[in-house]
$ cat upload39.csv   # CSV, C-alpha atoms
chain,number,residue,atom,x,y,z
A,17,MET,CA,161.2,87.9,146.5
A,18,ARG,CA,158.6,88.0,143.8
A,19,VAL,CA,158.0,85.0,141.6
A,20,VAL,CA,155.8,85.5,138.5
A,21,LEU,CA,154.3,82.5,136.7
A,22,VAL,CA,153.3,83.4,133.2
A,23,GLY,CA,150.7,81.0,131.8
A,24,GLY,CA,148.4,78.5,133.5
A,25,GLY,CA,149.6,75.3,131.8
A,26,HIS,CA,150.1,71.8,133.2
A,27,ALA,CA,153.5,72.6,134.7
A,28,HIS,CA,152.3,75.7,136.5
A,29,VAL,CA,149.2,73.9,137.8
A,30,HIS,CA,151.6,71.5,139.5
A,31,LEU,CA,153.8,74.4,140.8
A,32,LEU,CA,150.7,76.0,142.4
A,33,ALA,CA,149.8,72.8,144.1
A,34,ALA,CA,153.4,72.4,145.3
A,35,ALA,CA,153.3,76.0,146.7
A,36,ALA,CA,150.0,75.2,148.5
A,37,ALA,CA,151.5,72.0,150.0
A,38,ASN,CA,154.6,73.9,151.3
A,39,PRO,CA,153.7,77.5,151.9
A,40,LEU,CA,156.4,80.0,150.7
A,41,LYS,CA,158.0,82.4,153.1
A,42,ASP,CA,158.8,86.0,152.2
A,43,THR,CA,157.6,85.3,148.6
A,44,ASP,CA,155.1,87.2,146.6
A,45,LEU,CA,153.7,84.6,144.1
A,46,VAL,CA,151.9,86.0,141.0
A,47,LEU,CA,150.1,84.0,138.3
A,48,VAL,CA,149.5,85.7,134.9
A,49,SER,CA,146.8,84.0,132.8
A,50,PRO,CA,144.3,85.1,130.2
A,51,THR,CA,141.5,83.3,132.2
A,52,GLY,CA,140.9,81.8,135.5
A,53,TRP,CA,140.6,78.3,134.0
A,54,HIS,CA,143.0,75.8,132.4
A,55,HIS,CA,141.7,73.0,130.3
A,56,TYR,CA,143.6,69.7,130.2
A,57,SER,CA,144.6,68.9,126.6
A,58,GLY,CA,144.3,65.1,127.0
A,59,MET,CA,140.6,65.4,127.5
A,60,VAL,CA,139.7,68.0,124.9
A,61,PRO,CA,138.9,65.5,122.1
A,62,GLY,CA,136.6,63.6,124.5
A,63,TYR,CA,135.0,66.9,125.4
A,64,LEU,CA,134.4,67.7,121.7
A,65,ALA,CA,132.9,64.3,121.1
A,66,GLY,CA,130.6,64.7,124.1
A,67,THR,CA,132.2,62.2,126.4
A,68,TYR,CA,133.3,64.8,129.0
A,69,THR,CA,131.8,68.0,130.3
A,70,GLU,CA,133.8,71.2,130.6
A,71,ALA,CA,134.0,70.7,134.3
A,72,ASP,CA,135.6,67.3,133.8
A,73,MET,CA,138.6,68.8,132.0
A,74,ALA,CA,139.0,72.2,133.7
A,75,PHE,CA,141.3,73.3,136.5
A,76,ASP,CA,140.2,76.2,138.6
A,77,LEU,CA,143.3,78.5,138.5
A,78,ARG,CA,141.6,81.0,140.9
A,79,ALA,CA,141.1,78.3,143.5
A,80,LEU,CA,144.6,76.9,143.0
A,81,ALA,CA,146.2,80.3,143.2
A,82,ARG,CA,144.2,81.1,146.4
A,83,GLU,CA,145.4,77.9,148.1
A,84,ALA,CA,149.0,78.7,147.0
A,85,GLY,CA,148.8,82.2,148.4
A,86,ALA,CA,149.3,83.6,144.9
A,87,ARG,CA,147.8,86.6,143.2
A,88,LEU,CA,146.0,86.0,139.9
A,89,VAL,CA,146.4,88.7,137.2
A,90,GLU,CA,144.1,88.0,134.3
A,91,GLY,CA,145.6,89.1,131.0
A,92,PHE,CA,148.0,88.4,128.2
A,93,ALA,CA,151.8,88.7,128.8
A,94,THR,CA,153.1,90.6,125.7
A,95,SER,CA,156.7,91.1,126.6
A,96,ILE,CA,159.3,90.0,129.1
A,97,SER,CA,162.7,91.6,129.9
A,98,ALA,CA,165.0,89.4,131.9
A,99,ALA,CA,167.5,92.2,132.0
A,100,ARG,CA,165.1,94.6,133.7
A,101,GLY,CA,163.1,91.9,135.5
A,102,GLU,CA,159.8,93.1,134.1
A,103,ILE,CA,156.8,91.6,132.3
A,104,ASP,CA,154.2,93.6,130.4
A,105,VAL,CA,150.7,92.3,130.8
A,106,GLU,CA,147.8,93.4,128.5
A,107,ALA,CA,144.5,93.3,130.5
A,108,ARG,CA,142.0,90.8,129.2
A,109,SER,CA,139.5,92.5,127.0
A,110,PRO,CA,136.0,91.4,125.8
A,111,ALA,CA,137.2,92.6,122.4
A,112,GLY,CA,139.0,89.3,122.1
A,113,ALA,CA,136.1,87.1,123.0
A,114,GLY,CA,134.6,85.0,120.2
A,115,ALA,CA,137.3,86.0,117.7
A,116,GLY,CA,139.4,83.6,115.6
A,117,VAL,CA,142.6,81.8,116.2
A,118,GLY,CA,145.2,83.8,118.1
A,119,ALA,CA,142.8,86.6,119.1
A,120,ARG,CA,143.6,88.8,122.1
A,121,GLY,CA,142.3,92.0,123.6
A,122,GLY,CA,141.6,95.2,121.8
A,123,ALA,CA,144.2,97.8,120.7
A,124,SER,CA,143.3,100.1,123.6
A,125,ALA,CA,143.7,97.4,126.3
A,126,GLU,CA,145.4,98.6,129.5
A,127,VAL,CA,149.0,97.4,130.0
A,128,GLN,CA,150.3,96.6,133.4
A,129,ARG,CA,154.0,96.2,134.1
A,130,ILE,CA,155.0,93.6,136.7
A,131,SER,CA,158.5,93.3,138.2
A,132,PHE,CA,160.0,90.0,139.2
A,133,ASP,CA,163.0,88.4,140.9
A,134,ARG,CA,162.2,85.0,139.3
A,135,ALA,CA,159.8,84.2,136.4
A,136,SER,CA,158.6,81.0,134.8
A,137,LEU,CA,156.9,80.5,131.4
A,138,ASP,CA,154.3,77.9,130.7
A,139,VAL,CA,152.5,79.5,127.8
A,140,GLY,CA,152.3,76.7,125.3
A,141,SER,CA,152.6,77.2,121.5
A,142,VAL,CA,150.5,78.6,118.7
A,143,PRO,CA,149.6,76.9,115.4
A,144,VAL,CA,151.8,77.3,112.4
A,145,GLY,CA,150.3,79.4,109.7
A,146,LEU,CA,148.4,82.1,111.6
A,147,GLU,CA,149.7,84.7,109.1
A,148,LEU,CA,147.8,83.1,106.2
A,149,PRO,CA,144.8,84.9,104.9
A,150,GLY,CA,141.6,84.3,106.9
A,151,VAL,CA,143.1,82.0,109.5
A,152,ARG,CA,142.9,84.4,112.4
A,153,GLU,CA,139.5,85.7,111.3
A,154,HIS,CA,137.6,82.6,110.4
A,155,ALA,CA,139.4,79.4,111.7
A,156,ALA,CA,138.7,77.7,115.0
A,157,SER,CA,141.4,76.0,117.1
A,158,VAL,CA,141.9,74.3,120.4
A,159,ARG,CA,145.1,76.3,121.3
A,160,PRO,CA,144.8,77.6,123.9
A,161,MET,CA,142.8,74.7,125.0
A,162,SER,CA,140.0,77.0,126.4
A,163,ARG,CA,139.1,77.6,122.7
A,164,ALA,CA,137.7,74.0,122.6
A,165,VAL,CA,134.6,75.3,124.4
A,166,GLU,CA,134.0,77.9,121.6
A,167,LEU,CA,134.7,75.2,118.9
A,168,ARG,CA,132.1,72.9,120.3
A,169,GLU,CA,129.5,75.7,120.5
A,170,ARG,CA,130.2,76.6,116.9
A,171,LEU,CA,129.8,73.0,115.8
A,172,ASP,CA,126.6,72.5,117.7
A,173,ALA,CA,125.1,75.6,116.2
A,174,LEU,CA,126.0,74.2,112.7
A,175,VAL,CA,124.4,70.8,113.5
A,176,ALA,CA,121.2,72.6,114.7
A,177,ARG,CA,120.7,74.4,111.4
A,178,ASP,CA,118.5,73.0,108.7
A,179,HIS,CA,120.9,71.3,106.2
A,180,GLU,CA,120.1,70.1,102.7
A,181,GLY,CA,123.4,68.0,102.8
A,182,PRO,CA,126.0,67.0,105.3
A,183,VAL,CA,127.8,69.4,107.8
A,184,ARG,CA,131.1,70.1,106.1
A,185,VAL,CA,134.2,70.5,108.4
A,186,CYS,CA,137.9,70.8,107.5
A,187,VAL,CA,140.6,70.1,110.0
A,188,VAL,CA,144.1,71.4,109.0
A,189,GLY,CA,147.0,69.4,110.4
A,190,ALA,CA,147.1,65.6,110.8
A,191,GLY,CA,149.3,65.3,113.9
A,192,ALA,CA,147.9,63.5,117.0
A,193,GLY,CA,145.7,66.4,117.9
A,194,GLY,CA,144.3,66.8,114.3
A,195,VAL,CA,143.5,63.1,114.1
A,196,GLU,CA,141.7,63.1,117.4
A,197,VAL,CA,139.8,66.3,116.7
A,198,ALA,CA,138.7,65.2,113.3
A,199,LEU,CA,137.3,62.0,114.7
A,200,ALA,CA,135.7,63.8,117.7
A,201,LEU,CA,133.9,66.4,115.5
A,202,ASN,CA,132.7,63.7,113.1
A,203,ARG,CA,131.3,61.7,116.1
A,204,ARG,CA,129.5,64.8,117.5
A,205,ILE,CA,127.9,65.7,114.2
A,206,LEU,CA,126.6,62.1,113.8
A,207,ALA,CA,125.4,62.0,117.4
A,208,GLY,CA,123.5,65.2,116.8
A,209,GLY,CA,121.5,63.6,113.9
A,210,GLY,CA,123.4,65.3,111.1
A,211,GLY,CA,125.3,64.0,108.1
A,212,ALA,CA,129.0,64.5,108.4
A,213,ARG,CA,131.6,65.4,105.8
A,214,VAL,CA,134.8,65.8,107.7
A,215,THR,CA,138.1,66.3,105.8
A,216,LEU,CA,141.6,66.1,107.4
A,217,VAL,CA,144.1,68.1,105.5
A,218,GLU,CA,147.9,67.6,105.9
A,219,ALA,CA,150.7,69.4,104.0
A,220,GLY,CA,153.2,66.6,104.8
A,221,GLU,CA,153.6,63.1,103.4
A,222,HIS,CA,151.8,61.3,106.2
A,223,VAL,CA,149.3,61.6,109.0
A,224,LEU,CA,150.8,61.3,112.5
A,225,PRO,CA,154.3,62.5,111.6
A,226,GLY,CA,156.8,61.2,114.2
A,227,PHE,CA,154.9,57.9,114.6
A,228,SER,CA,155.8,54.6,113.0
A,229,GLU,CA,154.3,53.4,109.7
A,230,ARG,CA,152.5,50.7,111.6
A,231,VAL,CA,150.7,53.3,113.7
A,232,ARG,CA,149.9,55.5,110.7
A,233,ARG,CA,148.3,52.6,108.9
A,234,ARG,CA,146.1,51.7,111.9
A,235,ALA,CA,145.1,55.4,112.2
A,236,LEU,CA,144.2,55.6,108.5
A,237,ARG,CA,142.0,52.5,108.9
A,238,VAL,CA,140.2,54.1,111.9
A,239,LEU,CA,139.7,57.4,110.0
A,240,HIS,CA,138.4,55.6,106.9
A,241,ARG,CA,136.0,53.5,108.9
A,242,ALA,CA,134.6,56.6,110.6
A,243,GLY,CA,134.1,58.3,107.2
A,244,VAL,CA,136.7,61.0,107.6
A,245,THR,CA,138.4,61.9,104.3
A,246,VAL,CA,142.2,62.3,104.5
A,247,LEU,CA,144.2,64.5,102.1
A,248,VAL,CA,148.0,64.4,102.5
A,249,ARG,CA,150.5,66.4,100.5
A,250,THR,CA,147.8,69.1,100.4
A,251,ARG,CA,148.7,72.6,101.6
A,252,ALA,CA,146.0,75.0,102.8
A,253,THR,CA,146.5,78.6,101.8
A,254,ARG,CA,143.4,80.6,102.8
A,255,VAL,CA,140.4,80.2,105.1
A,256,ALA,CA,137.0,81.7,104.1
A,257,PRO,CA,133.8,81.6,106.2
A,258,ASP,CA,132.5,78.8,104.0
A,259,ALA,CA,135.6,77.3,102.3
A,260,LEU,CA,139.2,76.2,102.6
A,261,ALA,CA,141.5,77.2,99.7
A,262,LEU,CA,144.3,74.9,98.7
A,263,GLU,CA,147.7,75.5,97.0
A,264,SER,CA,146.5,73.5,94.0
A,265,GLY,CA,143.9,76.1,93.3
A,266,GLU,CA,141.1,73.9,94.5
A,267,SER,CA,138.6,74.9,97.2
A,268,LEU,CA,137.0,72.6,99.8
A,269,PRO,CA,133.5,73.6,101.0
A,270,SER,CA,133.9,74.1,104.8
A,271,GLU,CA,131.3,75.6,107.2
A,272,LEU,CA,133.8,75.2,110.0
A,273,THR,CA,137.6,75.1,109.5
A,274,VAL,CA,139.8,74.0,112.5
A,275,TRP,CA,143.4,75.1,112.3
A,276,LEU,CA,145.8,72.7,114.0
A,277,GLY,CA,148.9,73.0,111.9
A,278,GLY,CA,152.2,72.3,113.7
A,279,ALA,CA,153.6,74.3,116.7
A,280,ALA,CA,155.0,77.8,116.5
A,281,PRO,CA,156.5,79.9,119.3
A,282,PRO,CA,154.0,82.2,121.1
A,283,PRO,CA,154.3,85.9,120.3
A,284,LEU,CA,155.5,86.6,123.8
A,285,LEU,CA,158.9,85.2,123.0
A,286,GLY,CA,159.4,87.5,120.1
A,287,GLY,CA,158.9,90.4,122.4
A,288,SER,CA,161.5,89.2,124.9
A,289,ASP,CA,165.3,89.3,125.5
A,290,LEU,CA,165.4,85.6,126.4
A,291,PRO,CA,167.6,83.1,124.6
A,292,LEU,CA,165.8,81.4,121.7
A,293,ASP,CA,166.5,78.4,119.6
A,294,PRO,CA,166.6,78.7,115.7
A,295,GLU,CA,162.8,78.2,115.5
A,296,GLY,CA,162.1,80.9,118.1
A,297,PHE,CA,161.3,78.8,121.2
A,298,PHE,CA,162.6,79.6,124.7
A,299,LEU,CA,166.0,77.8,125.1
A,300,VAL,CA,166.5,76.3,128.5
A,301,ASP,CA,169.1,73.9,130.0
A,302,ALA,CA,168.5,70.7,132.0
A,303,GLU,CA,167.5,72.8,135.0
A,304,LEU,CA,164.7,74.2,132.8
A,305,ARG,CA,166.4,77.6,133.2
A,306,ALA,CA,167.3,80.1,130.5
A,307,VAL,CA,170.7,79.3,129.0
A,308,ALA,CA,173.4,81.9,129.5
A,309,ARG,CA,173.5,84.5,126.7
A,310,ASP,CA,176.7,86.2,127.7
A,311,ARG,CA,179.1,86.5,130.6
A,312,ALA,CA,176.3,88.0,132.7
A,313,GLY,CA,175.1,84.4,133.3
A,314,ARG,CA,171.8,82.8,133.1
A,315,PRO,CA,168.6,85.0,133.4
A,316,PRO,CA,166.4,84.1,136.4
A,317,VAL,CA,163.7,82.8,134.1
A,318,TRP,CA,162.6,79.1,133.8
A,319,GLY,CA,160.1,77.4,131.5
A,320,ALA,CA,158.3,74.2,130.7
A,321,GLY,CA,155.9,72.8,128.2
A,322,ASP,CA,155.5,73.5,124.5
A,323,CYS,CA,157.1,77.0,124.7
A,324,ILE,CA,160.6,75.7,125.5
A,325,ALA,CA,163.4,74.1,123.5
A,326,LEU,CA,165.7,71.9,125.6
A,327,GLU,CA,169.4,72.5,125.1
A,328,GLY,CA,171.0,69.3,123.7
A,329,ALA,CA,167.6,67.7,122.9
A,330,PRO,CA,166.3,69.3,119.7
A,331,TRP,CA,164.4,66.0,119.0
A,332,MET,CA,162.1,66.4,122.1
A,333,PRO,CA,158.5,66.4,120.9
A,334,ARG,CA,156.0,69.0,122.0
A,335,ALA,CA,153.5,66.7,123.8
A,336,GLY,CA,151.7,67.1,127.1
A,337,VAL,CA,153.5,64.1,128.7
A,338,TYR,CA,156.7,66.1,128.6
A,339,ALA,CA,155.2,69.1,130.4
A,340,VAL,CA,153.8,66.7,133.1
A,341,ARG,CA,157.3,65.1,133.6
A,342,GLN,CA,158.9,68.6,133.7
A,343,SER,CA,156.5,69.8,136.4
A,344,PRO,CA,158.3,68.6,139.6
A,345,ILE,CA,161.7,69.8,138.2
A,346,LEU,CA,160.3,73.2,137.5
A,347,ALA,CA,158.6,73.5,140.9
A,348,ARG,CA,161.8,72.5,142.8
A,349,ASN,CA,164.0,74.9,140.9
A,350,VAL,CA,161.7,77.9,140.7
A,351,LEU,CA,160.3,77.7,144.3
A,352,GLY,CA,163.6,76.5,145.8
A,353,ALA,CA,164.4,73.1,147.3
A,354,PRO,CA,163.6,72.5,151.0
A,355,ASP,CA,167.3,72.2,151.5
A,356,ALA,CA,168.8,75.5,150.4
A,357,ASP,CA,172.2,73.9,149.8
A,358,ALA,CA,170.8,71.2,147.6
A,359,ALA,CA,171.8,71.1,143.9
A,360,PRO,CA,169.1,72.1,141.4
A,361,ALA,CA,167.0,69.3,140.0
A,362,ARG,CA,167.8,68.3,136.4
A,363,TYR,CA,165.4,67.1,133.7
A,364,SER,CA,166.2,64.3,131.3
A,365,PRO,CA,163.5,63.7,128.6
A,366,GLN,CA,162.5,60.2,127.9
A,367,ARG,CA,163.0,59.0,124.3
A,368,SER,CA,159.7,57.1,124.1
A,369,PHE,CA,156.3,57.6,125.8
A,370,LEU,CA,152.9,56.0,126.0
A,371,ALA,CA,150.7,57.5,123.3
A,372,LEU,CA,146.9,57.2,123.6
A,373,LEU,CA,144.7,58.8,120.9
A,374,ASN,CA,141.0,59.0,121.5
A,375,SER,CA,139.2,57.7,118.4
A,376,ALA,CA,135.7,58.8,119.6
A,377,ASP,CA,134.2,55.4,119.2
A,378,GLY,CA,134.7,53.9,122.6
A,379,ARG,CA,138.2,52.9,121.7
A,380,ALA,CA,141.7,54.5,121.7
A,381,LEU,CA,144.7,54.0,119.5
A,382,LEU,CA,147.7,53.0,121.7
A,383,ARG,CA,151.4,53.1,120.9
A,384,TRP,CA,153.9,51.8,123.5
A,385,LYS,CA,157.3,50.9,122.1
A,386,GLY,CA,156.5,48.0,119.7
A,387,LEU,CA,152.9,47.6,120.8
A,388,VAL,CA,150.1,49.1,118.7
A,389,SER,CA,146.5,48.6,119.6
A,390,HIS,CA,143.1,50.1,118.8
A,391,SER,CA,140.8,48.8,121.5
A,392,ARG,CA,138.3,49.4,124.2
A,393,TRP,CA,140.9,48.5,126.9
A,394,ALA,CA,143.2,51.2,125.5
A,395,TRP,CA,140.3,53.7,125.9
A,396,TRP,CA,139.7,52.5,129.5
A,397,LEU,CA,143.4,53.0,130.2
A,398,LYS,CA,143.4,56.5,128.7
A,399,ASP,CA,140.3,57.5,130.6
A,400,ARG,CA,141.7,56.2,133.9
A,401,ILE,CA,145.0,58.0,133.4
A,402,ASP,CA,143.3,61.3,132.5
A,403,ARG,CA,140.8,61.2,135.3
A,404,ARG,CA,143.5,60.4,137.9
A,405,PHE,CA,145.6,63.3,136.6
A,406,MET,CA,142.6,65.7,136.9
A,407,ALA,CA,141.8,64.5,140.4
A,408,ARG,CA,145.2,65.6,141.7
A,409,TYR,CA,144.6,69.2,140.9
A,410,GLN,CA,140.9,69.9,140.6
A,411,ARG,CA,139.3,72.0,143.4
$ encode --input "upload39.csv" --output "structure tokens"
Amino acid sequence: MRVVLVGGGHAHVHLLAAAAANPLKDTDLVLVSPTGWHHYSGMVPGYLAGTYTEADMAFDLRALAREAGARLVEGFATSISAARGEIDVEARSPAGAGAGVGARGGASAEVQRISFDRASLDVGSVPVGLELPGVREHAASVRPMSRAVELRERLDALVARDHEGPVRVCVVGAGAGGVEVALALNRRILAGGGGARVTLVEAGEHVLPGFSERVRRRALRVLHRAGVTVLVRTRATRVAPDALALESGESLPSELTVWLGGAAPPPLLGGSDLPLDPEGFFLVDAELRAVARDRAGRPPVWGAGDCIALEGAPWMPRAGVYAVRQSPILARNVLGAPDADAAPARYSPQRSFLALLNSADGRALLRWKGLVSHSRWAWWLKDRIDRRFMARYQR
């Protein structure tokens, strides 16, 4: 039996560790990933601010695959056919290196077709708005998370230049990631000796959509105290190398624009025959397996993380904590339970979760049910949770 894992996200990192702990018999395990590294999203803002090194937040997929007895294929999965049991993989190409948001290999990249008996998708999401002029060409991002390394390098190069005024940065999207990244970039500019003019741009009514008004007010105070300008009800329409154009007709000077607007389904899903929800995400049931499309039954494809939509739970947020909780369910169902007659495991998403946002000042913003805190102890808790998570899988 051949099992193909597409993407090296949090859930597949756990699945590889599970396969290493309990070696698979008569199974050809294949991991498809654009690179041999996966970066943990929870530590990316700390990396951008300079608290962590790349080694602190990186999983070595090559080492994990080797321990699991898996074969690593470095490339981008471009299409998947559940009906034929085939995945097309575009070989990783240097043509994609250093490009903007959503960049991949060149047009002449070699395509490899991989057959499978079972497949699992953990390929994350892409930012909303990639089709807008200049976004792919000029904007930076942290999706996939490996792009955080390129983002920090671009920022450091800006800070190192001779500036008559402050370094001007725009961050588009004021969700949890946008708030953390804006604060982190602001801190790194100041730590490098430069003046900072960071602007957080949000098309919606509020920062931190999905959070309570109490959390939003606390976040706005933190952003204001740090010197980050917040613009809500402000829609970005175009990215240029030195500016961000707005729907109002105004233009914000921006030497570096970071695009973090919302979550859209990855292109792979559009080139598949998998069941999709109305937004285009991979629709799975409580077993994290593709829902049945017709009488032929459910395809032998599973998924986890930001690329999925859970049947019956359209409210489920796309947050890393959900991918982590899905991991053991995915591993059991894809790899098979130790007891062949055991029923598949089922996933039930929690309605609330502990949120910890790094504010890049030695503190974190904590939300847990009715408790809201911006404190050093919240940062200590976040750092401890993140480092313990990394220690489970780092090699």
$ closest_residue --input "upload39.csv" --among "A:Glu271, A:Glu106, A:Asp289, A:Glu263" --to "Glu218 (chain A)" --atoms "all atoms listed in the file"
A:Glu263
$ atom_distance --input "upload39.csv" --atom1 "CA of Gly352 (chain A)" --atom2 "CA of Leu40 (chain A)"
9.4 Å
$ residues_around --input "upload39.csv" --residues "His55 (chain A)" --least-positions-apart "4" --cutoff "6 Å" --atoms "all atoms listed in the file" --output "list of chain:residue names"
A:Met73, A:Ala74, A:Met161, A:Ser162
$ residues_near_point --input "upload39.csv" --point "(148.4, 91.8, 140.2)" --cutoff "9 Å" --atoms "all atoms listed in the file" --output "list in words"
Val46, Leu47, Val48, Arg87, Leu88, Val89, Glu90, Gln128 and Ile130 of chain A
$ closest_atom_pairs --input "upload39.csv" --of "region 289-361 of chain A" --to "region 371-393 of chain A" --cutoff "12 Å" --atoms "all atoms listed in the file" --output "JSON lines"
{"residue": "A:Ala335", "atom": "CA", "partner": "A:Ala371", "partner_atom": "CA", "distance": 9.6}
{"residue": "A:Gly336", "atom": "CA", "partner": "A:Ala371", "partner_atom": "CA", "distance": 10.4}
{"residue": "A:Val337", "atom": "CA", "partner": "A:Ala371", "partner_atom": "CA", "distance": 9.0}
{"residue": "A:Tyr338", "atom": "CA", "partner": "A:Ala371", "partner_atom": "CA", "distance": 11.7}
$ atom_distance --input "upload39.csv" --atom1 "CA of Gly101 (chain A)" --atom2 "CA of Arg134 (chain A)"
7.9 Å
$ closest_residue --input "upload39.csv" --among "A:Leu80, A:Ala33, A:Val197, A:Val19" --to "Gly62 (chain A)" --atoms "all atoms listed in the file"
A:Val197
$ atom_distance --input "upload39.csv" --atom1 "CA of Arg129 (chain A)" --atom2 "CA of Glu102 (chain A)"
6.6 Å
$ closest_residue --input "upload39.csv" --among "A:His222, A:Arg100, A:Arg163, A:Arg233" --to "Trp53 (chain A)" --atoms "all atoms listed in the file"
A:Arg163
